[in-house]
>>> print(open('start_27.txt').read())   # compact mmCIF, C-alpha atoms
# COMPACT_ATOMS: atom_id res chain seq x y z
CA MET A 1 -14.90 -19.46 26.69
CA ALA A 2 -12.84 -18.89 23.61
CA ALA A 3 -9.99 -21.26 22.92
CA PRO A 4 -6.58 -19.88 23.80
CA LEU A 5 -5.25 -17.68 21.05
CA GLU A 6 -1.55 -17.87 20.38
CA LEU A 7 0.36 -15.41 18.31
CA SER A 8 3.79 -16.15 16.87
CA CYS A 9 5.68 -13.01 16.06
CA TRP A 10 9.04 -11.35 16.06
CA GLY A 11 10.23 -10.06 19.40
CA GLY A 12 10.89 -6.60 20.68
CA GLY A 13 13.68 -4.19 21.31
CA TRP A 14 14.34 -0.50 21.81
CA GLY A 15 11.31 -0.25 24.07
CA LEU A 16 8.89 -1.89 21.67
CA PRO A 17 7.05 -5.20 22.14
CA SER A 18 7.97 -6.08 18.56
CA VAL A 19 10.13 -4.47 15.90
CA HIS A 20 8.18 -6.04 13.06
CA SER A 21 5.41 -3.73 11.81
CA GLU A 22 2.85 -6.38 11.00
CA SER A 23 3.35 -8.21 14.29
CA LEU A 24 2.99 -4.90 16.12
CA VAL A 25 -0.29 -4.10 14.35
CA VAL A 26 -1.79 -7.38 15.55
CA MET A 27 -0.47 -6.98 19.08
CA ALA A 28 -1.83 -3.45 19.32
CA TYR A 29 -5.23 -4.47 17.97
CA ALA A 30 -5.42 -7.33 20.46
CA LYS A 31 -4.71 -4.94 23.34
CA PHE A 32 -7.26 -2.44 22.08
CA SER A 33 -10.02 -4.99 21.63
CA GLY A 34 -9.24 -6.93 24.80
CA ALA A 35 -8.42 -10.19 23.07
CA PRO A 36 -6.48 -12.53 25.37
CA LEU A 37 -3.44 -13.29 23.28
CA LYS A 38 -0.59 -15.50 24.27
CA VAL A 39 2.46 -14.12 22.52
CA ASN A 40 5.14 -16.56 21.41
CA VAL A 41 8.22 -14.67 20.45
CA ILE A 42 10.28 -16.30 17.76
CA ASP A 43 13.68 -17.22 19.09
CA ASN A 44 16.61 -19.18 17.82
CA THR A 45 15.37 -22.59 18.75
CA TRP A 46 13.78 -24.74 16.11
CA ARG A 47 10.34 -24.52 17.64
CA GLY A 48 7.60 -22.99 15.56
CA SER A 49 7.55 -21.67 12.03
CA ARG A 50 9.17 -18.53 10.82
CA GLY A 51 7.62 -17.81 7.50
CA ASP A 52 4.74 -15.46 7.01
CA VAL A 53 4.80 -14.10 10.52
CA PRO A 54 2.62 -12.96 12.36
CA ILE A 55 0.62 -16.15 12.69
CA LEU A 56 -2.36 -16.70 14.93
CA THR A 57 -3.08 -20.25 16.04
CA THR A 58 -6.18 -21.45 17.83
CA GLU A 59 -7.34 -24.99 18.44
CA ASP A 60 -8.50 -25.56 14.90
CA ASN A 61 -7.35 -22.58 12.89
CA ILE A 62 -4.17 -21.08 11.61
CA VAL A 63 -4.45 -17.52 10.32
CA SER A 64 -1.68 -15.43 8.82
CA GLN A 65 -1.42 -11.86 7.52
CA PRO A 66 -2.56 -8.97 9.71
CA ALA A 67 -5.77 -8.20 7.78
CA LYS A 68 -6.98 -11.79 8.03
CA ILE A 69 -5.99 -12.04 11.70
CA LEU A 70 -7.89 -8.86 12.54
CA ASN A 71 -10.93 -10.17 10.66
CA PHE A 72 -10.72 -13.41 12.59
CA LEU A 73 -10.51 -11.58 15.93
CA ARG A 74 -13.52 -9.50 14.97
CA LYS A 75 -15.52 -12.64 14.23
CA GLN A 76 -14.57 -13.91 17.67
CA LYS A 77 -16.25 -10.78 19.05
CA TYR A 78 -13.03 -8.89 19.78
CA ASN A 79 -13.96 -5.76 17.93
CA ALA A 80 -12.15 -2.48 18.51
CA ASP A 81 -14.28 -0.66 15.93
CA TYR A 82 -17.56 -1.21 17.71
CA GLU A 83 -18.25 2.45 18.25
CA LEU A 84 -17.23 3.71 14.85
CA SER A 85 -19.81 5.02 12.41
CA ALA A 86 -20.00 3.55 8.92
CA LYS A 87 -18.22 6.56 7.51
CA GLN A 88 -15.40 6.19 10.02
CA GLY A 89 -15.12 2.55 9.06
CA ALA A 90 -14.78 3.63 5.43
CA ASP A 91 -12.16 6.21 6.40
CA THR A 92 -10.23 3.44 8.20
CA LEU A 93 -10.00 1.39 4.99
CA ALA A 94 -8.91 4.43 3.03
CA TYR A 95 -6.18 5.46 5.47
CA ILE A 96 -4.88 1.90 5.72
CA ALA A 97 -4.60 1.85 1.92
CA LEU A 98 -2.75 5.16 2.09
CA ILE A 99 -0.27 3.79 4.64
CA GLU A 100 0.35 0.61 2.66
CA GLU A 101 0.83 2.47 -0.61
CA LYS A 102 2.86 5.48 0.54
CA LEU A 103 4.53 4.70 3.84
CA LEU A 104 5.25 0.99 3.67
CA PRO A 105 7.76 1.15 0.76
CA ALA A 106 9.89 3.69 2.63
CA VAL A 107 9.70 1.73 5.90
CA LEU A 108 10.75 -1.43 4.05
CA HIS A 109 13.58 0.51 2.45
CA THR A 110 14.80 1.96 5.77
CA PHE A 111 14.85 -1.44 7.43
CA TRP A 112 15.80 -3.84 4.68
CA VAL A 113 17.32 -2.13 1.68
CA GLU A 114 19.40 0.82 2.91
CA SER A 115 22.78 -0.94 3.28
CA ASP A 116 24.03 0.87 6.38
CA ASN A 117 20.83 0.19 8.25
CA TYR A 118 20.44 -3.37 7.03
CA PHE A 119 23.96 -4.57 7.79
CA THR A 120 24.45 -2.81 11.12
CA VAL A 121 21.02 -3.14 12.66
CA THR A 122 18.37 -5.23 10.90
CA LYS A 123 20.38 -8.24 9.80
CA PRO A 124 22.20 -8.85 13.13
CA TRP A 125 18.96 -8.44 15.04
CA PHE A 126 17.01 -10.93 12.97
CA ALA A 127 19.93 -13.31 12.56
CA SER A 128 20.32 -13.56 16.34
CA ARG A 129 16.74 -14.74 16.56
CA ILE A 130 16.92 -17.38 13.87
CA PRO A 131 18.64 -20.73 14.39
CA PHE A 132 21.80 -21.46 12.47
CA PRO A 133 22.07 -22.16 9.53
CA LEU A 134 18.76 -20.48 8.63
CA SER A 135 20.17 -17.29 10.06
CA LEU A 136 22.46 -17.09 7.09
CA ILE A 137 19.66 -17.37 4.59
CA LEU A 138 16.44 -15.94 5.95
CA PRO A 139 17.43 -12.29 6.53
CA GLY A 140 18.84 -12.13 3.00
CA ARG A 141 15.62 -13.54 1.65
CA MET A 142 13.52 -11.05 3.61
CA SER A 143 15.70 -8.24 2.29
CA LYS A 144 15.25 -9.41 -1.30
CA GLY A 145 11.51 -9.70 -0.76
CA ALA A 146 11.38 -6.11 0.46
CA LEU A 147 13.44 -4.84 -2.47
CA ASN A 148 11.26 -6.76 -4.89
CA ARG A 149 8.12 -5.33 -3.45
CA ILE A 150 9.43 -1.79 -3.68
CA LEU A 151 10.62 -2.16 -7.24
CA LEU A 152 7.58 -3.99 -8.54
CA THR A 153 5.10 -1.56 -7.09
CA ARG A 154 7.02 1.66 -7.61
CA GLY A 155 9.69 1.07 -10.20
CA GLU A 156 8.76 1.99 -13.72
CA PRO A 157 9.34 -0.70 -16.32
CA PRO A 158 11.51 -1.48 -18.20
CA LEU A 159 14.17 0.03 -15.94
CA TYR A 160 13.78 -1.40 -12.48
CA HIS A 161 16.43 0.89 -10.94
CA LEU A 162 16.48 1.64 -7.27
CA ARG A 163 18.04 5.11 -7.41
CA GLU A 164 15.16 6.60 -9.34
CA VAL A 165 12.64 5.07 -7.03
CA GLU A 166 14.31 5.92 -3.71
CA ALA A 167 13.82 9.67 -3.88
CA GLN A 168 10.19 9.23 -4.85
CA ILE A 169 9.30 6.77 -2.09
CA TYR A 170 10.83 8.94 0.63
CA ARG A 171 8.97 11.96 -0.71
CA ASP A 172 5.72 9.99 -0.64
CA ALA A 173 6.43 8.71 2.86
CA LYS A 174 7.09 12.18 4.21
CA GLU A 175 3.88 13.41 2.62
CA CYS A 176 1.99 10.49 4.12
CA LEU A 177 3.39 11.26 7.59
CA ASN A 178 2.32 14.88 7.19
CA LEU A 179 -1.17 13.79 6.17
CA LEU A 180 -1.46 11.46 9.16
CA SER A 181 -0.27 14.21 11.46
CA ASN A 182 -2.84 16.63 10.03
CA ARG A 183 -5.59 14.07 10.42
CA LEU A 184 -4.65 13.24 14.03
CA GLY A 185 -4.44 16.88 15.07
CA THR A 186 -4.65 17.17 18.82
CA SER A 187 -6.92 14.19 19.52
CA GLN A 188 -5.64 11.27 21.46
CA PHE A 189 -6.63 8.67 18.86
CA PHE A 190 -7.75 8.92 15.29
CA PHE A 191 -11.44 8.52 16.04
CA GLY A 192 -12.02 10.10 19.40
CA ASP A 193 -11.00 8.74 22.78
CA THR A 194 -10.88 5.02 22.14
CA PRO A 195 -8.35 3.33 19.88
CA SER A 196 -9.50 1.44 16.80
CA THR A 197 -8.11 -0.59 13.90
CA LEU A 198 -6.63 2.49 12.24
CA ASP A 199 -4.75 3.37 15.42
CA ALA A 200 -3.34 -0.16 15.49
CA TYR A 201 -2.11 0.14 11.89
CA VAL A 202 -0.61 3.60 12.35
CA PHE A 203 1.08 2.52 15.57
CA GLY A 204 2.38 -0.66 13.96
CA PHE A 205 4.06 1.21 11.13
CA LEU A 206 5.22 4.30 13.00
CA ALA A 207 6.55 2.85 16.24
CA PRO A 208 9.47 0.86 14.77
CA LEU A 209 10.38 3.85 12.62
CA TYR A 210 10.28 6.07 15.69
CA LYS A 211 12.18 3.91 18.16
CA VAL A 212 14.70 1.73 16.38
CA ARG A 213 18.17 3.32 16.29
CA PHE A 214 19.42 3.45 12.71
CA PRO A 215 22.55 5.01 11.22
CA LYS A 216 20.66 6.46 8.24
CA VAL A 217 17.67 8.24 9.65
CA GLN A 218 16.11 10.72 7.25
CA LEU A 219 12.59 9.40 7.65
CA GLN A 220 12.99 9.09 11.40
CA GLU A 221 14.11 12.73 11.62
CA HIS A 222 11.04 13.77 9.70
CA LEU A 223 8.79 11.73 11.98
CA LYS A 224 10.37 13.22 15.10
CA GLN A 225 9.38 16.68 13.91
CA LEU A 226 5.72 15.63 13.90
CA SER A 227 5.26 15.80 17.64
CA ASN A 228 1.64 14.64 17.73
CA LEU A 229 2.55 11.36 16.01
CA CYS A 230 5.41 10.79 18.45
CA ARG A 231 3.11 11.56 21.34
CA PHE A 232 0.58 9.10 19.86
CA CYS A 233 3.16 6.27 19.81
CA ASP A 234 4.43 7.04 23.30
CA ASP A 235 0.90 7.15 24.70
CA ILE A 236 0.03 3.73 23.32
CA LEU A 237 3.31 2.25 24.53
CA ASN A 238 2.80 3.62 28.00
CA SER A 239 -0.86 2.75 28.35
CA TYR A 240 -1.03 -0.64 26.68
CA PHE A 241 2.41 -2.14 26.67
CA ARG A 242 4.07 -1.06 29.87
CA LEU A 243 3.37 -4.22 31.87
CA SER A 244 4.85 -6.57 29.30
CA LEU A 245 8.08 -4.59 29.13
CA GLY A 246 8.87 -5.16 32.81
CA ASP A 247 12.32 -6.59 32.32
CA GLY A 248 13.09 -5.35 28.81
CA ALA B 1 4.51 26.21 -17.03
CA ALA B 2 3.26 29.72 -17.61
CA GLU B 3 1.85 28.99 -21.04
CA PRO B 4 -1.89 28.66 -21.28
CA TRP B 5 -3.47 25.34 -22.13
CA PRO B 6 -3.14 24.81 -25.89
CA GLU B 7 -6.05 23.86 -28.11
CA ASN B 8 -4.37 20.80 -29.55
CA ALA B 9 -3.66 18.91 -26.33
CA THR B 10 -4.01 15.19 -26.97
CA LEU B 11 -4.48 12.13 -24.81
CA TYR B 12 -3.11 8.80 -26.01
CA GLN B 13 -4.53 5.43 -25.09
CA GLN B 14 -4.76 2.01 -26.68
CA LEU B 15 -7.32 1.10 -29.35
CA LYS B 16 -10.75 1.44 -27.88
CA GLY B 17 -12.65 -1.24 -29.65
CA GLU B 18 -10.30 -4.18 -29.71
CA GLN B 19 -7.26 -3.69 -27.56
CA ILE B 20 -7.72 -1.65 -24.42
CA LEU B 21 -8.24 -3.54 -21.17
CA LEU B 22 -10.47 -2.67 -18.25
CA SER B 23 -7.77 -1.25 -16.00
CA ASP B 24 -6.22 0.96 -18.66
CA ASN B 25 -9.64 2.12 -19.79
CA ALA B 26 -10.38 3.13 -16.21
CA ALA B 27 -7.19 5.15 -15.95
CA SER B 28 -7.91 6.88 -19.24
CA LEU B 29 -11.47 7.73 -18.23
CA ALA B 30 -10.19 9.16 -14.96
CA VAL B 31 -7.85 11.54 -16.75
CA GLN B 32 -10.51 12.52 -19.26
CA ALA B 33 -13.02 13.19 -16.49
CA PHE B 34 -10.49 15.26 -14.56
CA LEU B 35 -9.67 17.40 -17.58
CA GLN B 36 -13.36 17.87 -18.40
CA MET B 37 -14.03 18.94 -14.83
CA CYS B 38 -11.26 21.54 -15.15
CA ASN B 39 -12.80 22.68 -18.44
CA LEU B 40 -9.63 21.93 -20.38
CA PRO B 41 -10.14 20.68 -23.94
CA ILE B 42 -8.49 17.39 -24.82
CA LYS B 43 -8.57 15.21 -27.91
CA VAL B 44 -8.43 11.44 -27.45
CA VAL B 45 -6.21 9.56 -29.88
CA CYS B 46 -6.01 5.78 -29.99
CA ARG B 47 -2.74 4.11 -30.85
CA ALA B 48 -1.88 0.43 -30.66
CA ASN B 49 1.55 1.12 -29.18
CA ALA B 50 0.41 3.76 -26.67
CA GLU B 51 1.93 1.76 -23.82
CA TYR B 52 5.37 1.93 -25.41
CA MET B 53 5.08 5.59 -26.38
CA SER B 54 4.46 6.63 -22.80
CA PRO B 55 7.50 7.91 -20.85
CA SER B 56 6.69 5.73 -17.86
CA GLY B 57 5.24 2.77 -19.69
CA LYS B 58 1.76 3.39 -18.41
CA VAL B 59 -1.28 4.76 -20.14
CA PRO B 60 -2.84 7.19 -20.53
CA PHE B 61 -0.47 10.01 -21.25
CA ILE B 62 -1.10 13.52 -22.51
CA HIS B 63 0.85 15.53 -25.01
CA VAL B 64 0.57 19.24 -24.21
CA GLY B 65 2.63 21.79 -26.07
CA ASN B 66 6.04 20.16 -26.08
CA GLN B 67 5.62 18.16 -22.88
CA VAL B 68 4.51 14.60 -22.34
CA VAL B 69 3.07 13.59 -18.97
CA SER B 70 1.73 10.17 -18.06
CA GLU B 71 -0.52 8.80 -15.31
CA LEU B 72 -3.16 10.60 -13.30
CA GLY B 73 -0.95 11.73 -10.40
CA PRO B 74 1.67 13.57 -12.46
CA ILE B 75 -1.03 14.92 -14.81
CA VAL B 76 -2.87 16.48 -11.86
CA GLN B 77 0.39 18.09 -10.69
CA PHE B 78 1.10 19.33 -14.20
CA VAL B 79 -2.36 20.86 -14.54
CA LYS B 80 -1.96 22.47 -11.12
CA ALA B 81 1.29 24.08 -12.24
CA LYS B 82 -0.66 25.62 -15.09
CA GLY B 83 -3.04 27.15 -12.59
CA HIS B 84 -6.04 24.81 -12.72
CA SER B 85 -6.96 22.84 -9.66
CA LEU B 86 -10.10 21.11 -8.42
CA SER B 87 -9.11 20.81 -4.78
CA ASP B 88 -8.37 24.40 -3.80
CA GLY B 89 -11.46 24.63 -1.66
CA LEU B 90 -10.50 21.72 0.57
CA ASP B 91 -8.83 22.13 3.94
CA GLU B 92 -5.87 20.04 5.07
CA VAL B 93 -7.89 17.28 6.69
CA GLN B 94 -10.10 16.92 3.62
CA LYS B 95 -7.07 16.83 1.34
CA ALA B 96 -5.65 14.03 3.50
CA GLU B 97 -8.93 12.13 3.24
CA MET B 98 -9.06 12.66 -0.48
CA LYS B 99 -5.56 11.24 -0.92
CA ALA B 100 -6.43 8.33 1.35
CA TYR B 101 -9.55 7.45 -0.65
CA MET B 102 -7.62 7.74 -3.92
CA GLU B 103 -5.11 5.25 -2.56
CA LEU B 104 -7.95 2.97 -1.49
CA VAL B 105 -9.33 2.95 -5.02
CA ASN B 106 -5.87 2.39 -6.45
CA ASN B 107 -4.88 -0.23 -3.94
CA MET B 108 -8.05 -2.28 -3.93
CA LEU B 109 -9.95 -1.72 -7.13
CA LEU B 110 -7.07 -1.39 -9.55
CA THR B 111 -5.25 -4.36 -8.08
CA ALA B 112 -8.47 -6.38 -8.17
CA GLU B 113 -8.99 -5.46 -11.83
CA LEU B 114 -5.43 -6.50 -12.64
CA TYR B 115 -5.96 -9.75 -10.76
CA LEU B 116 -9.16 -10.50 -12.63
CA GLN B 117 -7.65 -9.68 -15.97
CA TRP B 118 -4.38 -11.51 -15.64
CA CYS B 119 -4.58 -14.11 -12.88
CA ASP B 120 -8.04 -15.59 -13.40
CA GLU B 121 -7.57 -18.29 -16.00
CA ALA B 122 -11.03 -18.08 -17.51
CA THR B 123 -10.82 -14.33 -18.12
CA VAL B 124 -7.28 -14.54 -19.37
CA GLY B 125 -8.09 -17.18 -21.92
CA GLU B 126 -11.30 -15.70 -23.20
CA ILE B 127 -10.69 -11.99 -23.16
CA THR B 128 -7.35 -10.64 -22.02
CA HIS B 129 -4.92 -12.56 -24.21
CA ALA B 130 -7.00 -11.99 -27.28
CA ARG B 131 -7.46 -8.29 -26.69
CA TYR B 132 -3.96 -7.45 -25.52
CA GLY B 133 -2.25 -8.99 -28.51
CA SER B 134 -4.86 -8.10 -31.13
CA PRO B 135 -2.94 -5.42 -33.07
CA TYR B 136 0.12 -7.63 -33.49
CA PRO B 137 0.80 -10.56 -35.83
CA TRP B 138 1.43 -14.08 -34.60
CA PRO B 139 3.59 -15.02 -32.70
CA LEU B 140 4.16 -11.55 -31.27
CA ASN B 141 0.66 -11.34 -29.89
CA HIS B 142 1.14 -14.45 -27.77
CA ILE B 143 4.62 -13.47 -26.60
CA LEU B 144 3.61 -9.99 -25.50
CA ALA B 145 0.53 -11.28 -23.72
CA TYR B 146 2.46 -13.94 -21.82
CA GLN B 147 5.17 -11.44 -20.91
CA LYS B 148 2.64 -9.01 -19.51
CA GLN B 149 0.90 -11.79 -17.63
CA TRP B 150 4.16 -12.90 -16.05
CA GLU B 151 4.91 -9.31 -15.02
CA VAL B 152 1.50 -8.84 -13.40
CA LYS B 153 1.70 -12.21 -11.60
CA ARG B 154 5.08 -11.24 -10.17
CA LYS B 155 3.64 -8.01 -8.86
CA MET B 156 0.66 -9.79 -7.32
CA LYS B 157 2.97 -12.19 -5.55
CA ALA B 158 5.14 -9.37 -4.20
CA ILE B 159 2.22 -7.57 -2.59
CA GLY B 160 0.72 -10.72 -1.14
CA TRP B 161 -2.19 -11.20 -3.54
CA GLY B 162 -0.61 -14.22 -5.17
CA ASN B 163 -2.46 -16.67 -2.96
CA LYS B 164 -5.81 -14.97 -2.98
CA THR B 165 -8.74 -16.83 -4.43
CA LEU B 166 -11.25 -15.16 -6.70
CA ASP B 167 -13.80 -15.10 -3.87
CA GLN B 168 -11.44 -13.28 -1.57
CA VAL B 169 -10.70 -10.70 -4.24
CA LEU B 170 -14.41 -10.17 -4.83
CA GLU B 171 -14.93 -9.77 -1.09
CA ASP B 172 -12.26 -7.09 -0.99
CA VAL B 173 -13.88 -5.26 -3.89
CA ASP B 174 -17.21 -5.43 -2.10
CA GLN B 175 -15.69 -3.98 1.05
CA CYS B 176 -14.08 -1.19 -0.93
CA CYS B 177 -17.30 -0.31 -2.75
CA GLN B 178 -19.17 -0.26 0.54
CA ALA B 179 -16.59 2.11 1.98
CA LEU B 180 -16.89 4.43 -1.03
CA SER B 181 -20.66 4.27 -0.84
CA GLN B 182 -20.59 5.22 2.83
CA ARG B 183 -18.27 8.12 2.15
CA LEU B 184 -20.39 9.46 -0.69
CA GLY B 185 -23.68 9.15 1.18
CA THR B 186 -26.30 11.23 -0.63
CA GLN B 187 -24.02 14.01 -1.88
CA PRO B 188 -23.44 14.50 -5.59
CA TYR B 189 -19.64 14.58 -5.15
CA PHE B 190 -17.31 13.24 -2.47
CA PHE B 191 -16.23 16.53 -0.96
CA ASN B 192 -18.90 19.14 -1.36
>>> encode(input="start_27.txt", output="structure tokens")
Amino acid sequence: MAAPLELSCWGGGWGLPSVHSESLVVMAYAKFSGAPLKVNVIDNTWRGSRGDVPILTTEDNIVSQPAKILNFLRKQKYNADYELSAKQGADTLAYIALIEEKLLPAVLHTFWVESDNYFTVTKPWFASRIPFPLSLILPGRMSKGALNRILLTRGEPPLYHLREVEAQIYRDAKECLNLLSNRLGTSQFFFGDTPSTLDAYVFGFLAPLYKVRFPKVQLQEHLKQLSNLCRFCDDILNSYFRLSLGDG
Amino acid sequence: AAEPWPENATLYQQLKGEQILLSDNAASLAVQAFLQMCNLPIKVVCRANAEYMSPSGKVPFIHVGNQVVSELGPIVQFVKAKGHSLSDGLDEVQKAEMKAYMELVNNMLLTAELYLQWCDEATVGEITHARYGSPYPWPLNHILAYQKQWEVKRKMKAIGWGNKTLDQVLEDVDQCCQALSQRLGTQPYFFN
């Protein structure tokens, strides 16, 4: 039998098993493919590492980054894309690229860069789960990393100014949400009746945006108008994550 | 936006023979192909400082009438405003797929090309540094090349490609090409 697989990731809140998009992608994929995953939520003790989360540990391997973790799970025969055709597999790659290029910058901005959101919600949440004195440093570092990523991939040199970039990334994100909504239509999952890798990615990025209560919510408002995407998130939460949310 | 397409529209890119790099050449070809497919005449002009002339710092850019537009995305929008479009016959789902595949190409292939050009030491030493700085005198050619390399490495690190080995990058490119090949199948174009 396969060695026990342990996943270190950020914990949950607001009805979600995790508020961190990448951790959520891995958790969703594991549920879809039936991989037995032992989830270790990062808390404010000094146990375990905090960088580069989510991290999958087995007896002799340590894998980080969602794409690599999913690849690893597939090699261990936990494959959620078994029934997809080659073309659907290609579509999966394309839509994941679309999400990472168009939606991720705005999600990062909503969580980590928008000052109201960051100081009232994100920072306290993460700081309470990181041991002192790291809790003073790590959230700030994560915020800078997010800002850096947004500016380097979207800002136009030589002026790396946030104002000019903000409007553009939110426009792109809204367009991306519309495209995803159009593609999903009325089906239950993106490729028929069984969830696949793409569903894991979409769920991972949309669910925190949908559920976490922020003061500044323009992207969330837009998402709430796309009822099929909201229904998609709720369905997955109810079918795959209800048991683990027993006591909140 | 209501003026017709002028005869003297020009596209600016870097010097073809000695200076232009793979990724910029690709972008320029994409714009040229797009304009040809729309049947819009365009003249290609090579300038050593094309990168600095462009309003966004990226090549290629086109000079049409009294407007300057750079990069494929904005150029497509601009051409659409003038009434020419290649994707009118697509429905919403196909348009979504088209955008997704464009992002895949951008995300994977362009990033891989940048990685190969600027982060792989052998390529950098033999080809990139020499080509990028070729129109400029010493020491400017070295300074500009190192500056650009530092910029690209920063970007790679920010998106998580900083620790990738060459083999991993090549694997990603392979996966991407396979995906594109699957999507194309035996049709002459992706969406018809």
>>> closest_residue(input="start_27.txt", among="A:Ile169, A:Cys230, A:Val39, A:Ala86", to="chain B", atoms="all atoms listed in the file")
A:Ala86
>>> closest_residue(input="start_27.txt", among="A:Tyr95, A:Trp10, A:Tyr78, A:Phe203", to="Val105 in chain B", atoms="all atoms listed in the file")
A:Tyr95
>>> interface_residues(input="start_27.txt", of="chain A", to="chain B", cutoff="7 Å", atoms="all atoms listed in the file", output="PDB file with C-alpha atoms, in the coordinates of the input")
ATOM      1  CA  ALA A  86     -20.000   3.550   8.920  1.00  0.00           C
ATOM      2  CA  LYS A  87     -18.220   6.560   7.510  1.00  0.00           C
ATOM      3  CA  ALA A  90     -14.780   3.630   5.430  1.00  0.00           C
ATOM      4  CA  LEU A  93     -10.000   1.390   4.990  1.00  0.00           C
ATOM      5  CA  ALA A  94      -8.910   4.430   3.030  1.00  0.00           C
ATOM      6  CA  TYR A  95      -6.180   5.460   5.470  1.00  0.00           C
ATOM      7  CA  ALA A  97      -4.600   1.850   1.920  1.00  0.00           C
ATOM      8  CA  LEU A  98      -2.750   5.160   2.090  1.00  0.00           C
ATOM      9  CA  GLU A 101       0.830   2.470  -0.610  1.00  0.00           C
ATOM     10  CA  ASN A 148      11.260  -6.760  -4.890  1.00  0.00           C
ATOM     11  CA  ARG A 149       8.120  -5.330  -3.450  1.00  0.00           C
ATOM     12  CA  LEU A 152       7.580  -3.990  -8.540  1.00  0.00           C
ATOM     13  CA  THR A 153       5.100  -1.560  -7.090  1.00  0.00           C
ATOM     14  CA  GLU A 156       8.760   1.990 -13.720  1.00  0.00           C
ATOM     15  CA  PRO A 157       9.340  -0.700 -16.320  1.00  0.00           C
ATOM     16  CA  LEU A 179      -1.170  13.790   6.170  1.00  0.00           C
ATOM     17  CA  ASN A 182      -2.840  16.630  10.030  1.00  0.00           C
ATOM     18  CA  ARG A 183      -5.590  14.070  10.420  1.00  0.00           C
TER      19      ARG A 183
END
>>> residues_around(input="start_27.txt", residues="Val25 in chain A", least_positions_apart="6", cutoff="9 Å", atoms="only C-alpha atoms", output="list of chain:residue names")
A:Pro66, A:Thr197, A:Asp199, A:Ala200, A:Tyr201, A:Val202, A:Phe203, A:Gly204, A:Phe205
>>> residues_around(input="start_27.txt", residues="Gln188 in chain A", least_positions_apart="2", cutoff="12 Å", atoms="all atoms listed in the file", output="PDB file with C-alpha atoms, keeping the file's coordinate frame")
ATOM      1  CA  SER A 181      -0.270  14.210  11.460  1.00  0.00           C
ATOM      2  CA  ARG A 183      -5.590  14.070  10.420  1.00  0.00           C
ATOM      3  CA  LEU A 184      -4.650  13.240  14.030  1.00  0.00           C
ATOM      4  CA  GLY A 185      -4.440  16.880  15.070  1.00  0.00           C
ATOM      5  CA  THR A 186      -4.650  17.170  18.820  1.00  0.00           C
ATOM      6  CA  PHE A 190      -7.750   8.920  15.290  1.00  0.00           C
ATOM      7  CA  PHE A 191     -11.440   8.520  16.040  1.00  0.00           C
ATOM      8  CA  GLY A 192     -12.020  10.100  19.400  1.00  0.00           C
ATOM      9  CA  ASP A 193     -11.000   8.740  22.780  1.00  0.00           C
ATOM     10  CA  THR A 194     -10.880   5.020  22.140  1.00  0.00           C
ATOM     11  CA  PRO A 195      -8.350   3.330  19.880  1.00  0.00           C
ATOM     12  CA  SER A 196      -9.500   1.440  16.800  1.00  0.00           C
ATOM     13  CA  ASP A 199      -4.750   3.370  15.420  1.00  0.00           C
ATOM     14  CA  ASN A 228       1.640  14.640  17.730  1.00  0.00           C
ATOM     15  CA  LEU A 229       2.550  11.360  16.010  1.00  0.00           C
ATOM     16  CA  CYS A 230       5.410  10.790  18.450  1.00  0.00           C
ATOM     17  CA  ARG A 231       3.110  11.560  21.340  1.00  0.00           C
ATOM     18  CA  PHE A 232       0.580   9.100  19.860  1.00  0.00           C
ATOM     19  CA  CYS A 233       3.160   6.270  19.810  1.00  0.00           C
ATOM     20  CA  ASP A 234       4.430   7.040  23.300  1.00  0.00           C
ATOM     21  CA  ASP A 235       0.900   7.150  24.700  1.00  0.00           C
ATOM     22  CA  ILE A 236       0.030   3.730  23.320  1.00  0.00           C
ATOM     23  CA  SER A 239      -0.860   2.750  28.350  1.00  0.00           C
TER      24      SER A 239
END
>>> atom_distance(input="start_27.txt", atom1="CA of Ser227 in chain A", atom2="CA of Lys174 in chain A")
14.0 Å
>>> atom_distance(input="start_27.txt", atom1="CA of Ala28 in chain A", atom2="CA of Ile42 in chain A")
17.7 Å
>>> atom_distance(input="start_27.txt", atom1="CA of Tyr132 in chain B", atom2="CA of Leu35 in chain B")
26.7 Å
>>> closest_residue(input="start_27.txt", among="B:Leu11, B:Phe34, B:Leu22, B:His129", to="Lys80 in chain B", atoms="only C-alpha atoms")
B:Phe34
>>> residues_around(input="start_27.txt", residues="Phe214 in chain A", least_positions_apart="6", cutoff="10 Å", atoms="only C-alpha atoms", output="ChimeraX atom specification")
/A:110-111,116-118,120-122,220
>>> closest_residue(input="start_27.txt", among="A:Lys144, A:Lys102, A:Lys216, A:Lys211", to="Ala173 in chain A", atoms="all atoms listed in the file")
A:Lys102
>>> axis_aligned_box(input="start_27.txt", around="range 13-17 of chain B", padding_each_side="4 Å", output="JSON")
{"center_x": -8.6, "center_y": 2.1, "center_z": -27.4, "size_x": 16.1, "size_y": 14.7, "size_z": 12.6}
>>> closest_residue(input="start_27.txt", among="A:Met142, A:Leu147, A:His109, A:Lys38", to="Lys123 in chain A", atoms="only C-alpha atoms")
A:Met142
>>> closest_residue(input="start_27.txt", among="B:Val59, B:Pro6, B:Leu116, B:Gly125", to="Gln168 in chain B", atoms="all atoms listed in the file")
B:Leu116
>>> residues_around(input="start_27.txt", residues="Pro36 in chain A", least_positions_apart="3", cutoff="9 Å", atoms="only C-alpha atoms", output="list in words")
Pro4, Leu5, Glu6, Ala30 and Lys31 of chain A
>>> residues_near_point(input="start_27.txt", point="(-11.4, -9.8, 12.9)", cutoff="12 Å", atoms="all atoms listed in the file", output="list in words")
Val26, Tyr29, Ala30, Ser33, Ala35, Leu56, Val63, Ser64, Gln65, Pro66, Ala67, Lys68, Ile69, Leu70, Asn71, Phe72, Leu73, Arg74, Lys75, Gln76, Lys77, Tyr78, Asn79, Ala80, Asp81, Tyr82 and Thr197 of chain A
